[in-house]
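Structure record follows, encoded as structure tokens.
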Amino acid sequence: MKKVIFFVKKFPILSQTFVIDQVNNLIDAGVDVEILSLYEAKQDVALDSLKKHKLLHRTTFIAPTMAQSTKKPIKLLFLIKFFVLVNTIETRLKPSMELAFHALKHGKLTLAYEISVTAWKNRKRQFKADSIIAHFGNNGVVANAFLKSGLLEGNLMTVFHGYEISEYENIKLWKDRYVSLSRTSLLLPISNFWKRRLESWGATSESVIVQRMGVDVSKFAFQTKQVEKPVQIVSVARATEKKGLKYAIEAMSFLDDNFHLNIIGGGELHNDLIQLSEKLNLSDKITFHGAKPPQFVKECLNKSDIFLLPSVVDSQGDMEGIPVALMEAMASGLTVVSTYHSGIPELIEDNVSGFLVPERDPKAIAEALKKVMTTDKLNEIRRQAREKVEKEFNSFTLSNELVALIESSSR
């Protein structure tokens with residue numbers, strides 16, 4: 001039986017159900033899985049997927065519990081002591097020290113401290129596996145430093161999702177490290193879009209393999225229903241800039257009362273979006289539900305006709321990967337409307353399996369929503385969408401591909 005370690009910064013994070021699902025799928029496939037996380041993410045909602053294989057019992061939290069709340073002077077004092085000790089006594093931790101110093105040079109004191117204090121705490125331990133899967137590129141770089149320091153042992157695979165390879169600050173901090181990582185381990189971007197970016201930066205092509213995220217298609221009953229007025233549009237997303245919800249709201253001003261938008265999700269821009277709706281006199285056409293549990297979301301999706309996610313590149317460069325929410329909507333029989341953004345066109349083909357519009361174009365969004373009402377091939381588009389997810393974004397199939405990759409890389 002192959003042993004795999006998942007390396008993450010926080011676990012479990014509800015917005016990263018793809019990590020939880022991938023862990024469960026590998027266990028189902030007969031892989032022995034352990035999860036290493038710096039911190040435990042306290043969640044108000046218990047997920048059945050966490051209980052399935054008692055994932056929290058498989059998780060070791062390796063950073064000191066007070067690391068995130070440590071005061072700045074104490075962090076600085078610890079780093080000075082750490083650098084001295086590593087240069088004189090614990091020399092094997094030099095790769096971790098070097099990465100911490102790199103973070104410090106870029107003004108990332110907390111990151112430098114997290115790397116150092118975690119390496120020091122675990123200096124007498126070693127976590128061994130055939131393969132180590134690090135989700136998000138920055139975590140892969142940290143895992144690599146721990147490998148070189150002898151804290152981890154195994155073949156490293158790093159999954160690239162979105163923000164860590166698009167946000168300007170992350171690129172400045174990590175870009176060269178990603179390229180170096182490609183010379184000794186596998187990089188697994190979740191889209192061809194990110195594969196091309198890594199290769200354009202200088203990552204070795206043979207080490208870059210697209211490994212998509214997917215959904216358990218069997219959990220989504222495909223259903224088509226007659227679209228009735230008012231057309232129910234739903235957006236399930238955190239209220240952040242890159243989700244483009246501002247443009248979804250503005251699009252409603254180009255539509256009549258035959259369309260109603262439901263927005264589910266909290267986030268820092270939630271109140272701003274409500275104010276925008278009120279300013280445009282759209283309160284009767286838009287309902288803001290805020291953050292809701294999975295059951296509420298499922299019920300709302302069942303009552304909806306269109307799933308709208310108008311993603312954009314935000315002001316910090318942050319981008320999506322390929323949103324799982326779109327896959328779930330397509331598997332359920334909803335018609336999807338989204339944007340030509342990141343890897344989304346790899347999931348949705350315009351006018352074939354959904355509708356795509358340019359970023360930041362509320363009028364184009366409105367026209368696409370109208371087209372859903374007027375097209376005579378709506379059922380065919382829905383069927384094609386379901387088929388696309390079943391064939392290319394099916395978590396069961398993708399997990400088998402990952403198991404094969406693990407087996408081949410550990411020979």
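Residues in the structure tokens are numbered from 1 in each chain, the chains being A, B, ... in the order shown, and ligands are numbered from 1 in the order shown.
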Next item on the list: Write out as a list in words the residues lying within 7 Å of Ser332 of chain A, counting only C-alpha atoms and excluding same-chain residues fewer than 3 positions away.
Entry: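 The residues satisfying every condition are Phe220, Ala221, Phe222, Gln223, Glu328 and Ala329 of chain A.
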Note to self: For segment 155-159 of chain A, find every residue with an atom within 6 Å (counting only C-alpha atoms), except residues of its own chain fewer than 2 positions away, and show them as an MDAnalysis selection string.
What the structure shows: chainID A and resid 131:136 140 185:189
Next item on the list: Kindly indicate which residue among A:Gly317, A:Asn379, A:Val337, A:Glu401 lies nearest to Tyr168 of chain A, using only C-alpha atoms for the distances.
Entry: A:Gly317
Next item on the list: Going by DSSP on the backbone, which bits of segment 205-363 of chain A are strand (DSSP E or B)? Write them as a PyMOL selection string, please.
Entry: chain A and resi 208+215+231-236+259-264+286-290+306-309+335-339+350+354-357
Margin query: Please list as a ChimeraX atom specification every residue within 10 Å of Lys225 of chain A, counting only C-alpha atoms and excluding residues in the same chain fewer than 5 positions away.
Written below: /A:302-305,333-334,379
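Distances to Val231 of chain A were evaluated for A:Arg183, A:Lys108, A:Lys285, A:Lys75 using only C-alpha atoms, and the minimum falls at A:Lys285.
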Checklist line | Secondary structure check, alpha helix (DSSP H) residues of segment 170-307 of chain A, as number ranges by chain | finding: A: 170-181, 192-201, 245-252, 270-279, 294-303
Notebook entry, point to check: Which distance in Å separates atom CA of Ala63 of chain A and atom CA of Glu169 of chain A, to one decimal?
Noted result: 24.0 Å
Item checked: Long-range neighbours of Ala291 of chain A as a ChimeraX atom specification, 9 Å cut-off, only C-alpha atoms, 2 positions minimum in chain -> /A:238,264-267,289,293
Create the file for the chosen residues now, containing C-alpha atoms and written as a short mmCIF file (atom, residue, chain, number, x, y, z; two decimals), in the first residue's frame.
```cif
data_model
loop_
_atom_site.label_atom_id
_atom_site.label_comp_id
_atom_site.auth_asym_id
_atom_site.auth_seq_id
_atom_site.Cartn_x
_atom_site.Cartn_y
_atom_site.Cartn_z
CA ARG A 238 -17.55 34.70 -1.55
CA ILE A 264 -25.20 33.24 -1.62
CA GLY A 265 -21.99 33.79 0.31
CA GLY A 266 -20.40 36.18 2.76
CA GLY A 267 -17.15 38.03 2.31
CA HIS A 289 -28.64 35.46 1.38
CA PRO A 293 -24.87 25.92 5.02
#
```
Next item on the list: For Val215 of chain A, list every protein, DNA or RNA residue within 10 Å, evaluated using only C-alpha atoms, and leave out those in the same chain fewer than 6 positions away; present the list as a ChimeraX atom specification.
Entry: /A:17-18,21-22,324-325,327-328,331,389-390,393-398
Margin query: Excluding Asn170 of chain A and its own-chain neighbours fewer than 6 positions away, which residues fall within 10 Å of it when counting only C-alpha atoms? Please give them as number ranges by chain.
Written below: A: 137-138, 163-164, 316-318
Margin query: Set the distance at 12 Å and use only C-alpha atoms: which residues neighbour Gln275 of chain A once local chain neighbours fewer than 3 positions away are removed? I'd like the list as a PyMOL selection string.
Written below: chain A and resi 246+249-250+269-272+278-283+286+288
Margin query: So, with only C-alpha atoms as the atoms that count, which of A:Ser200, A:Val352, A:Trp194, A:Leu347 lies closest to Arg382 of chain A?
Written below: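 Of A:Ser200, A:Val352, A:Trp194, A:Leu347, the one nearest Arg382 of chain A, counting only C-alpha atoms, is A:Val352.
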Closest-contact table, segment 235-289 of chain A side, partner segment 362-374 of chain A, 7 Å, counting only C-alpha atoms, as a tab-separated table:
```
residue	atom	partner	partner_atom	distance
A:Tyr247	CA	A:Pro362	CA	5.0
A:Ala248	CA	A:Pro362	CA	6.4
A:Glu250	CA	A:Pro362	CA	5.7
A:Ala251	CA	A:Pro362	CA	4.3
A:Met252	CA	A:Ala366	CA	6.8
A:Phe254	CA	A:Ala366	CA	6.1
A:Leu255	CA	A:Ala366	CA	6.5
```
For the selection you just gave me, I'd like the residues written to a file as a JSON list (two decimals), in the first residue's frame, keeping N, CA and C atoms.
```json
[["chain", "number", "residue", "atom", "x", "y", "z"],
["A", 247, "TYR", "N", -20.35, 42.92, -11.29],
["A", 247, "TYR", "CA", -20.81, 42.96, -12.68],
["A", 247, "TYR", "C", -22.09, 42.15, -12.87],
["A", 248, "ALA", "N", -22.27, 41.14, -12.01],
["A", 248, "ALA", "CA", -23.54, 40.41, -12.01],
["A", 248, "ALA", "C", -24.67, 41.33, -11.59],
["A", 250, "GLU", "N", -24.67, 44.69, -11.75],
["A", 250, "GLU", "CA", -24.87, 45.71, -12.79],
["A", 250, "GLU", "C", -25.61, 45.15, -13.99],
["A", 251, "ALA", "N", -25.39, 43.87, -14.29],
["A", 251, "ALA", "CA", -26.07, 43.24, -15.42],
["A", 251, "ALA", "C", -27.58, 43.22, -15.22],
["A", 252, "MET", "N", -28.02, 43.13, -13.97],
["A", 252, "MET", "CA", -29.46, 43.08, -13.69],
["A", 252, "MET", "C", -30.16, 44.39, -14.09],
["A", 254, "PHE", "N", -29.83, 45.78, -16.83],
["A", 254, "PHE", "CA", -30.14, 45.67, -18.27],
["A", 254, "PHE", "C", -31.25, 44.65, -18.52],
["A", 255, "LEU", "N", -31.80, 44.09, -17.44],
["A", 255, "LEU", "CA", -32.83, 43.06, -17.57],
["A", 255, "LEU", "C", -34.14, 43.53, -16.94]]
```
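Proximity of A:Val217, A:Val84, A:Leu173, A:Leu79 to Ala103 of chain A, computed with only C-alpha atoms, is greatest for A:Leu173.
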Notebook entry, point to check: Between A:Leu245, A:Ile62, A:Ile115, A:Ala385, which one has atoms that come closest to Asn139 of chain A, using only C-alpha atoms?
Noted result: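 Distance minimum relative to Asn139 of chain A lands on A:Ile115.
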Check: Which is closer to Leu36 of chain A than all the others in A:Ala129, A:Leu109, A:Met330, A:Ile348, using only C-alpha atoms?
Finding: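 Using only C-alpha atoms, Leu36 of chain A sits closest to A:Ala129.
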Notebook entry, point to check: Any idea what the distance is between atom CA of Pro64 of chain A and atom CA of Lys128 of chain A?
Noted result: 20.6 Å
